[in-house]
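Raw contents of upload_24.txt, compact mmCIF, C-alpha atoms and all ligand atoms:
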```txt
# COMPACT_ATOMS: atom_id res chain seq x y z
CA MET A 924 86.68 85.05 122.33
CA SER A 925 85.46 88.63 122.66
CA SER A 926 86.04 91.40 120.17
CA PRO A 927 85.43 95.16 120.09
CA TYR A 928 83.58 94.52 116.84
CA ASP A 929 80.82 92.52 118.55
CA ALA A 930 79.26 95.74 119.87
CA ILE A 931 79.07 97.27 116.37
CA ALA A 932 78.44 94.19 114.24
CA GLU A 933 75.01 95.51 113.20
CA LEU A 934 76.44 99.00 112.70
CA TYR A 935 79.42 97.94 110.59
CA ASP A 936 77.67 97.80 107.20
CA PRO A 937 75.94 101.19 107.52
CA TRP A 938 79.22 102.62 108.91
CA SER A 939 81.28 101.34 105.95
CA ILE A 940 78.60 101.74 103.28
CA SER A 941 80.64 104.24 101.26
CA VAL A 942 83.78 102.08 101.28
CA VAL A 943 83.43 100.45 97.87
CA GLU A 944 86.67 101.28 96.10
CA ASP A 945 88.41 98.03 97.09
CA VAL A 946 85.72 95.49 96.19
CA GLY A 947 86.51 95.26 92.45
CA PHE A 948 90.24 95.05 93.18
CA TYR A 949 89.94 92.06 95.53
CA LEU A 950 87.42 90.39 93.20
CA GLU A 951 89.90 90.72 90.34
CA GLU A 952 92.65 89.15 92.47
CA ALA A 953 90.32 86.31 93.45
CA ARG A 954 89.45 85.64 89.82
CA ARG A 955 93.12 85.74 88.85
CA SER A 956 93.92 83.15 91.54
CA GLY A 957 91.09 80.82 90.57
CA GLY A 958 90.40 80.24 94.28
CA PRO A 959 89.82 79.07 96.88
CA VAL A 960 90.49 82.26 98.81
CA VAL A 961 91.10 82.71 102.54
CA GLU A 962 90.09 86.09 103.94
CA LEU A 963 91.69 86.94 107.27
CA GLY A 964 89.40 89.34 109.19
CA VAL A 965 86.39 88.59 106.99
CA GLY A 966 84.06 90.84 108.97
CA THR A 967 80.55 91.06 107.54
CA GLY A 968 81.65 89.80 104.13
CA ARG A 969 81.89 93.17 102.38
CA ILE A 970 84.62 91.62 100.18
CA ALA A 971 84.03 87.88 100.72
CA VAL A 972 80.38 87.83 99.66
CA PRO A 973 80.95 89.39 96.21
CA ILE A 974 83.81 86.90 95.66
CA ALA A 975 81.66 83.94 96.74
CA ALA A 976 78.77 85.23 94.62
CA ASP A 977 81.17 85.08 91.67
CA GLY A 978 81.46 81.33 92.19
CA ILE A 979 84.81 81.29 94.00
CA ARG A 980 85.11 79.36 97.26
CA VAL A 981 85.93 81.63 100.23
CA ILE A 982 86.99 80.66 103.74
CA GLY A 983 86.54 83.61 106.10
CA VAL A 984 88.20 83.88 109.51
CA ASP A 985 87.26 86.44 112.16
CA SER A 986 87.45 86.75 115.93
CA SER A 987 84.06 88.47 116.21
CA ARG A 988 81.11 86.12 116.44
CA GLY A 989 78.79 89.08 115.83
CA MET A 990 80.52 90.02 112.57
CA LEU A 991 80.43 86.39 111.39
CA ASP A 992 76.67 86.22 112.10
CA VAL A 993 76.08 89.31 109.96
CA CYS A 994 78.31 87.83 107.26
CA ALA A 995 76.30 84.61 107.20
CA ARG A 996 73.10 86.63 106.80
CA ARG A 997 74.59 88.77 104.04
CA ALA A 998 75.83 85.70 102.17
CA ALA A 999 72.41 84.04 102.39
CA LEU A 1000 70.76 87.18 101.01
CA ALA A 1001 73.19 87.12 98.07
CA GLY A 1002 72.54 83.42 97.50
CA ALA A 1003 76.22 82.73 98.18
CA GLU A 1004 78.06 80.57 100.67
CA VAL A 1005 81.10 81.64 102.69
CA ASP A 1006 82.84 79.07 104.89
CA LEU A 1007 83.02 81.06 108.14
CA ARG A 1008 85.37 80.20 110.99
CA LEU A 1009 85.75 81.87 114.37
CA GLY A 1010 89.45 82.35 115.01
CA ASP A 1011 92.44 84.61 115.22
CA LEU A 1012 94.40 86.13 112.35
CA ARG A 1013 97.58 84.81 113.93
CA GLU A 1014 96.35 81.24 114.15
CA PRO A 1015 93.59 80.84 111.59
CA PRO A 1016 91.74 77.54 111.93
CA VAL A 1017 92.35 76.60 108.30
CA ARG A 1018 94.04 73.41 107.11
CA GLU A 1019 93.36 73.98 103.41
CA ARG A 1020 96.13 75.32 101.16
CA VAL A 1021 95.07 78.04 98.75
CA PRO A 1022 96.48 80.27 95.98
CA LEU A 1023 95.28 83.53 97.57
CA VAL A 1024 95.06 84.90 101.11
CA ILE A 1025 93.60 88.39 101.52
CA CYS A 1026 93.38 90.77 104.45
CA PRO A 1027 91.40 93.81 103.26
CA PHE A 1028 90.48 97.14 104.83
CA ARG A 1029 93.40 97.57 107.16
CA SER A 1030 92.66 94.58 109.38
CA LEU A 1031 96.41 94.10 109.88
CA LEU A 1032 96.47 97.35 111.88
CA HIS A 1033 94.83 95.39 114.68
CA MET A 1034 98.26 93.85 115.25
CA HIS A 1035 100.34 96.01 117.59
CA THR A 1036 103.75 94.37 117.65
CA ASP A 1037 106.12 93.02 115.05
CA GLU A 1038 105.75 89.64 116.74
CA ASP A 1039 101.98 89.69 116.08
CA ARG A 1040 102.39 91.05 112.56
CA GLY A 1041 104.99 88.37 111.89
CA ALA A 1042 102.61 85.72 113.20
CA VAL A 1043 99.94 86.81 110.70
CA LEU A 1044 102.46 86.81 107.85
CA ALA A 1045 103.67 83.35 108.88
CA ALA A 1046 100.07 82.12 109.01
CA ALA A 1047 99.34 83.57 105.58
CA ARG A 1048 102.49 81.98 104.19
CA ARG A 1049 101.55 78.61 105.68
CA LEU A 1050 98.12 78.75 104.04
CA LEU A 1051 99.52 79.53 100.61
CA ARG A 1052 100.44 77.03 97.97
CA PRO A 1053 103.90 77.61 96.46
CA GLY A 1054 103.77 80.80 94.38
CA GLY A 1055 100.51 81.86 96.04
CA ARG A 1056 99.82 85.49 96.92
CA PHE A 1057 99.04 87.44 100.04
CA VAL A 1058 97.13 90.61 99.16
CA PHE A 1059 96.25 93.25 101.73
CA ASP A 1060 95.97 96.97 102.35
CA VAL A 1061 97.05 99.14 105.24
CA PHE A 1062 97.38 102.83 105.88
CA THR A 1063 100.00 105.20 107.23
CA PRO A 1064 98.27 108.44 108.21
CA GLY A 1065 99.54 111.71 106.82
CA ALA A 1066 99.96 114.82 108.97
CA ASP A 1067 96.94 116.46 107.27
CA ASP A 1068 94.61 113.62 108.14
CA ILE A 1069 95.77 113.63 111.76
CA ALA A 1070 95.41 117.41 112.09
CA GLN A 1071 91.93 117.44 110.54
CA THR A 1072 90.44 114.64 112.61
CA HIS A 1073 92.27 114.48 115.95
CA ASP A 1074 89.99 114.42 119.00
CA ARG A 1075 86.94 115.59 117.08
CA TRP A 1076 83.59 113.82 116.71
CA LEU A 1077 82.84 113.53 112.99
CA GLU A 1078 79.64 112.22 111.44
CA ARG A 1079 80.86 109.58 109.03
CA GLU A 1080 77.40 108.48 107.88
CA PRO A 1081 74.01 109.82 108.95
CA GLY A 1082 73.71 109.11 112.71
CA ILE A 1083 77.09 107.32 112.87
CA PHE A 1084 79.94 109.21 114.53
CA GLU A 1085 83.69 108.59 114.83
CA LEU A 1086 86.24 109.98 117.24
CA ALA A 1087 89.91 109.52 116.32
CA ARG A 1088 92.69 110.02 118.84
CA TRP A 1089 96.09 109.78 117.20
CA ASP A 1090 99.33 109.18 119.06
CA GLU A 1091 102.12 110.00 116.64
CA THR A 1092 104.83 108.84 119.03
CA ALA A 1093 103.37 105.42 119.68
CA ARG A 1094 101.91 105.39 116.13
CA THR A 1095 98.54 104.28 117.36
CA LEU A 1096 94.99 105.36 116.63
CA THR A 1097 92.27 104.92 119.23
CA LEU A 1098 89.03 105.00 117.32
CA THR A 1099 85.58 105.24 118.86
CA VAL A 1100 82.54 104.51 116.70
CA ARG A 1101 79.08 105.42 117.95
CA GLY A 1102 75.72 104.73 116.32
CA PRO A 1103 72.10 104.62 117.41
CA ASP A 1104 72.42 101.06 118.77
CA GLY A 1105 76.04 100.57 119.68
CA GLU A 1106 79.43 101.97 120.45
CA THR A 1107 82.92 100.58 120.54
CA THR A 1108 86.52 101.69 120.90
CA MET A 1109 89.37 99.96 119.15
CA ALA A 1110 93.11 100.49 118.93
CA LEU A 1111 95.02 100.40 115.67
CA ALA A 1112 98.77 100.60 115.09
CA TRP A 1113 100.48 101.75 111.92
CA LEU A 1114 103.90 101.30 110.28
CA SER A 1115 105.70 102.99 107.41
CA VAL A 1116 105.65 101.40 103.98
CA ASP A 1117 109.36 100.57 104.33
CA GLU A 1118 108.65 98.72 107.56
CA TRP A 1119 105.84 96.71 105.94
CA ARG A 1120 108.16 95.82 103.07
CA ALA A 1121 110.90 94.68 105.48
CA LEU A 1122 108.43 92.53 107.44
CA LEU A 1123 107.16 90.90 104.25
CA GLU A 1124 110.66 90.13 103.05
CA ALA A 1125 111.69 88.75 106.45
CA GLY A 1126 108.50 86.66 106.42
CA GLY A 1127 109.37 84.86 103.19
CA PHE A 1128 107.44 87.00 100.69
CA GLU A 1129 108.54 88.75 97.49
CA VAL A 1130 106.76 92.04 96.98
CA GLU A 1131 105.24 91.95 93.49
CA ALA A 1132 103.49 95.29 93.80
CA CYS A 1133 102.87 98.09 96.23
CA TYR A 1134 100.10 100.35 94.97
CA GLY A 1135 98.94 103.68 96.30
CA TRP A 1136 95.31 102.91 95.54
CA PHE A 1137 92.99 100.14 94.37
CA ASP A 1138 93.18 101.36 90.77
CA ARG A 1139 96.77 100.04 90.85
CA THR A 1140 98.47 103.42 90.63
CA PRO A 1141 102.00 103.04 92.01
CA PHE A 1142 102.64 103.96 95.64
CA LYS A 1143 104.02 107.49 95.88
CA GLY A 1144 103.59 108.43 99.50
CA GLN A 1145 99.79 108.14 99.71
CA ASP A 1146 98.17 107.29 103.07
CA ASP A 1147 96.97 103.93 101.77
CA SER A 1148 99.19 101.17 100.49
CA VAL A 1149 97.92 98.08 98.71
CA TRP A 1150 100.25 95.09 98.62
CA ILE A 1151 100.63 92.02 96.45
CA ALA A 1152 103.18 89.69 97.99
CA ARG A 1153 104.13 86.32 96.54
CA ARG A 1154 105.19 83.39 98.68
CA ALA A 1155 108.90 83.18 97.90
C1 LIG B 1201 88.15 96.76 109.45
S1 LIG B 1201 87.34 95.23 109.67
C2 LIG B 1201 87.51 94.57 108.02
C3 LIG B 1201 86.42 93.57 107.70
C4 LIG B 1201 86.40 93.12 106.24
N1 LIG B 1201 87.65 92.52 105.85
C5 LIG B 1201 86.09 94.30 105.32
O1 LIG B 1201 86.90 94.54 104.42
O2 LIG B 1201 85.07 94.95 105.50
C6 LIG B 1201 88.51 94.29 110.62
C7 LIG B 1201 88.03 92.89 110.94
O3 LIG B 1201 89.14 92.18 111.53
C8 LIG B 1201 88.64 91.41 112.60
N2 LIG B 1201 89.74 91.18 113.56
C9 LIG B 1201 90.40 92.11 114.31
N3 LIG B 1201 91.36 91.52 115.06
C10 LIG B 1201 91.29 90.19 114.77
C11 LIG B 1201 92.02 89.06 115.22
N4 LIG B 1201 93.03 89.16 116.10
N5 LIG B 1201 91.69 87.85 114.72
C12 LIG B 1201 90.68 87.73 113.81
N6 LIG B 1201 89.95 88.76 113.34
C13 LIG B 1201 90.26 89.99 113.82
C14 LIG B 1201 87.52 92.23 113.20
O4 LIG B 1201 86.64 91.46 113.98
C15 LIG B 1201 86.88 92.83 111.94
O5 LIG B 1201 85.84 92.03 111.45
```

In structure tokens, write the structure found in this file.
Amino acid sequence: MSSPYDAIAELYDPWSISVVEDVGFYLEEARRSGGPVVELGVGTGRIAVPIAADGIRVIGVDSSRGMLDVCARRAALAGAEVDLRLGDLREPPVRERVPLVICPFRSLLHMHTDEDRGAVLAAARRLLRPGGRFVFDVFTPGADDIAQTHDRWLEREPGIFELARWDETARTLTLTVRGPDGETTMALAWLSVDEWRALLEAGGFEVEACYGWFDRTPFKGQDDSVWIARRA
């Protein structure tokens, strides 16, 4: 299994260092559920490690061996344990049934077709106990964001650069990340909030909340949407 994230596994934490706004939100959801929690696309454990350090069991699935290695290191440093499994979002190697499945930081945008998105939703539903919740966030770029960043190298963090190429017809973003020791290019695909809602409902979920940010303000057309969906 190879992943575009392998080439930037060591760069991922410095690249995302200022992304902190979602950690408290997912921790709150984990506490509310009582655990265990499955994180689909666990990455380097930015969210999973604080949850595990809080005493809640976390199973983390990711298709990048490099990201999982960094996650294991990060967990050890925090004195926490995350049960890490190499696998795909669409077919997570998890037999346990849990009250909460999470998919933070737009990982669902790695799915490019409704078939693939539906496969992730079906997998999440399968993993949930009756009444359990699937909590995730995605984004739908606004025209301003596209105009300001399209085809321009921007320094996101000192020495770490991003190049975004947006295709508004295909609704895809080709993102290149370059740092001192690595570079990768990945493709992301977005949907409207109405389309996400329809997919969730078709996938056997009831939407409990759709927020416009992690402080739980209601969604009112923001770029980000944060979803709490209950297994119907
Ligand atoms: C934006 S990162 C988010 C990581 C972590 N959840 C966080 O909040 O920092 C997306 C993660 O999804 C993983 N990923 C992408 N496509 C995947 C797939 N098909 N199966 C499993 N993991 C995947 C990547 O390897 C990466 O670690």

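Residues of protein, DNA or RNA having any atom at most 7 Å from ligand LIG 1201 (chain B), counting all atoms listed in the file, are A:Ser926, A:Tyr928, A:Leu963, A:Gly964, A:Val965, A:Gly966, A:Thr967, A:Gly968, A:Arg969, A:Ile970, A:Val984, A:Asp985, A:Ser986, A:Ser987, A:Met990, A:Gly1010, A:Asp1011, A:Leu1012, A:Arg1013, A:Cys1026, A:Pro1027, A:Phe1028, A:Arg1029, A:Ser1030, A:His1033.
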
Which residues, written as a PyMOL selection string, have at least one atom at most 6 Å from stretch 1137-1147 of chain A, with only C-alpha atoms counted and residues fewer than 2 positions away on the same chain left out?
chain A and resi 945+948+1061-1065+1133-1135

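You can rank A:Val946, A:Cys994, A:Ala1152, A:Ile931 by their closest distance to A:Leu1122 using only C-alpha atoms, and at the top of that list sits A:Ala1152.
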
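Going from atom CA of A:Ala1003 to atom CA of A:Val972 covers 6.7 Å.
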
Would you list the contacts of A:Leu1123 as a ChimeraX atom specification, taking every protein, DNA or RNA residue within 8 Å and counting all atoms listed in the file, but skipping same-chain residues closer than 6 positions in sequence?
/A:1044,1129-1130,1152

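One distance worth recording is that between atom CA of A:Ala932 and atom CA of A:Gly1002, which is 20.8 Å.
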
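Across the structure, atom CA of A:Gly989 and atom CA of A:Thr1107 are spaced 13.1 Å apart.
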
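Using all atoms listed in the file, the nearest neighbour of A:Arg954 within the list A:Asp1006, A:Glu1131, A:Asp977, A:Glu1078 is A:Asp977.
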